[in-house]
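Asker: Shown below is the structure under consideration.
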Amino acid sequence: MWTYEKKLQYPVRIKNPNPALAKLIISQVGGPDGEMSASSRYLQQRYSMPDRRVVGMLTDVGTEELGHIEIVSAIIYQLTRNLTPEEIKKSGFDVYFVDHTTGVYPTAASGFPFSAAGLGIKGDVIADLTDDLAAEQKARVTYDNLIRLTDDPDVLDPLKFLREREIVHFQRFADSLRMTQDTFVDKKNFYLCNPSFDKGCPNGCRI
Amino acid sequence: MTDRMKALGNVQEKCFAAHEANLYLDAYPEDHEALDYYIGMQKQAQEATDFFEEHYGPLTVKSTKGDRFLWTLSPWPWEMEANT
């Protein structure tokens, strides 16, 4: 169960619309390493996570990522307000506009719609947490790339905040992986069995 | 910056600090210093939230503070008006 909070985690106030930039930043809503991908990955990994402490981390980080979908969507919303047909054509936003007008549709910048194909939900603690570490780094690189392509300080400010969060989450998932491995009975063989599936797996981590 | 934004900024700041401490505590629940920080910050976040809600309307649907009509009618978070 979730309760919505009617506020952004970090403020977004963009003075100048810029549809060309919106067309790129939309990738962090619905692209392969975007916020929708992150929140779905973490929240859906919880059911096969054998360590309750890690379930807590996935819940709290996954919930924050839902808030990040909203921050990036707010950036898109503000970058695409009050547009004229001429601005839409000139900026190259026309290819998005024709299907979605100025609605915020989860898609990659390339035009590929949001896909669950890239979500790592493997039902194995080591595979899933390693996927989460990679996901945070890939999202960080995407923010790095967006920051390279942005010169508006109003847009850079929330992008830099979101980039920082990827680094913090990477750290927290590294903590999670270590603490769950610390509970493994067989520390010489992390891959002996899958505690989420194999009965009597000595790598229990049932905490 | 409006008084509303100042009050909201205070909520965002305190809630963020508490949330950040919470993620750390998920991994290090035995860290008493971090726990004290979290409890203190959570209290400040609650005070900031109460102040905002009394003046500008509810931030969650469960809130009993402020004008209930503002749950739908106050600016939504992505609007410029909610951020300035």
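How things are named: the first chain in the structure tokens is A, the next is B, and so on; residues count from 1 in each chain; ligands count from 1 in the order shown.
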Within 12 Å of His100 of chain A, counting only C-alpha atoms, which residues show up once you throw out same-chain ones fewer than 6 positions away? Write them as a PDB file with N, CA and C atoms, in the first residue's frame, please.
Answerer:
ATOM      1  N   LYS A  23      12.635  16.401 -25.267  1.00  0.00           N
ATOM      2  CA  LYS A  23      12.682  15.198 -26.104  1.00  0.00           C
ATOM      3  C   LYS A  23      13.818  14.262 -25.672  1.00  0.00           C
ATOM      4  N   THR A  80       7.691  21.952 -21.875  1.00  0.00           N
ATOM      5  CA  THR A  80       6.840  21.888 -23.071  1.00  0.00           C
ATOM      6  C   THR A  80       5.576  22.748 -22.939  1.00  0.00           C
ATOM      7  N   PHE A  93      10.520  18.512 -31.824  1.00  0.00           N
ATOM      8  CA  PHE A  93       9.573  17.896 -30.882  1.00  0.00           C
ATOM      9  C   PHE A  93       8.355  17.360 -31.634  1.00  0.00           C
ATOM     10  N   ASP A  94       8.253  17.712 -32.915  1.00  0.00           N
ATOM     11  CA  ASP A  94       7.057  17.339 -33.699  1.00  0.00           C
ATOM     12  C   ASP A  94       6.811  15.828 -33.754  1.00  0.00           C
ATOM     13  N   PRO A 106       5.707   7.659 -21.214  1.00  0.00           N
ATOM     14  CA  PRO A 106       6.977   7.004 -20.871  1.00  0.00           C
ATOM     15  C   PRO A 106       7.632   6.343 -22.081  1.00  0.00           C
ATOM     16  N   THR A 107       8.669   6.989 -22.560  1.00  0.00           N
ATOM     17  CA  THR A 107       9.391   6.507 -23.735  1.00  0.00           C
ATOM     18  C   THR A 107      10.873   6.842 -23.609  1.00  0.00           C
ATOM     19  N   GLY A 111      12.519   7.101 -29.038  1.00  0.00           N
ATOM     20  CA  GLY A 111      11.155   6.845 -29.478  1.00  0.00           C
ATOM     21  C   GLY A 111      10.668   5.460 -29.093  1.00  0.00           C
ATOM     22  N   PRO A 113       9.137   2.881 -26.860  1.00  0.00           N
ATOM     23  CA  PRO A 113       8.298   3.056 -25.669  1.00  0.00           C
ATOM     24  C   PRO A 113       8.820   2.274 -24.465  1.00  0.00           C
TER      25      PRO A 113
END
Asker: Could I get the residues of chain B with an atom no further than 10 Å from an atom of chain A, each paired with its nearest atom pair and that distance in Å to one decimal, using only C-alpha atoms, sorted by chain and residue number, as a Markdown table?
Answerer:
| residue | atom | partner | partner_atom | distance |
| --- | --- | --- | --- | --- |
| B:Met5 | CA | A:Pro11 | CA | 9.4 |
| B:Leu8 | CA | A:Lys7 | CA | 8.1 |
| B:Gly9 | CA | A:Pro11 | CA | 7.9 |
| B:Val11 | CA | A:Lys7 | CA | 9.1 |
| B:Gln12 | CA | A:Gln9 | CA | 6.1 |
| B:Glu13 | CA | A:Tyr10 | CA | 8.4 |
| B:Cys15 | CA | A:Gln9 | CA | 8.3 |
| B:Phe16 | CA | A:Gln9 | CA | 7.1 |
| B:His19 | CA | A:Asp60 | CA | 8.6 |
| B:Glu20 | CA | A:Val168 | CA | 8.8 |
| B:Asn22 | CA | A:Asp60 | CA | 8.3 |
| B:Leu23 | CA | A:Met57 | CA | 6.7 |
| B:Tyr24 | CA | A:Arg172 | CA | 7.0 |
| B:Leu25 | CA | A:Met57 | CA | 9.3 |
| B:Asp26 | CA | A:Met57 | CA | 5.9 |
| B:Ala27 | CA | A:Asp175 | CA | 6.2 |
| B:Tyr28 | CA | A:Asp175 | CA | 8.7 |
| B:Pro29 | CA | A:Arg53 | CA | 9.4 |
| B:Gly57 | CA | A:Lys6 | CA | 9.9 |
| B:Pro58 | CA | A:Lys6 | CA | 7.8 |
| B:Leu59 | CA | A:Lys6 | CA | 4.7 |
| B:Thr60 | CA | A:Glu5 | CA | 5.0 |
| B:Val61 | CA | A:Tyr4 | CA | 7.5 |
| B:Lys62 | CA | A:Thr3 | CA | 8.4 |
| B:Trp71 | CA | A:Lys6 | CA | 8.3 |
| B:Thr72 | CA | A:Lys6 | CA | 9.7 |
| B:Ser74 | CA | A:Lys6 | CA | 9.5 |
| B:Pro75 | CA | A:Lys6 | CA | 9.1 |
| B:Trp76 | CA | A:Lys6 | CA | 6.8 |
| B:Pro77 | CA | A:Lys7 | CA | 5.0 |
| B:Trp78 | CA | A:Ala74 | CA | 4.5 |
| B:Glu79 | CA | A:Ala74 | CA | 7.5 |
| B:Met80 | CA | A:Arg13 | CA | 6.0 |
| B:Glu81 | CA | A:Arg13 | CA | 8.9 |
| B:Ala82 | CA | A:Lys7 | CA | 8.3 |
| B:Asn83 | CA | A:Arg13 | CA | 5.9 |
| B:Thr84 | CA | A:Arg13 | CA | 6.9 |
Asker: Could you tell me how far atom CA of Arg140 of chain A lies from atom CA of Lys160 of chain A, in Å and to one decimal?
Answerer: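 Taking atom CA of Arg140 of chain A and atom CA of Lys160 of chain A, their separation equals 9.7 Å.
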Asker: With distances taken over only C-alpha atoms, which of A:Gly92, A:Ile26, A:Asn82, A:Leu119 is nearest to Tyr42 of chain A?
Answerer: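 That would be A:Leu119, the residue with the smallest distance to Tyr42 of chain A.
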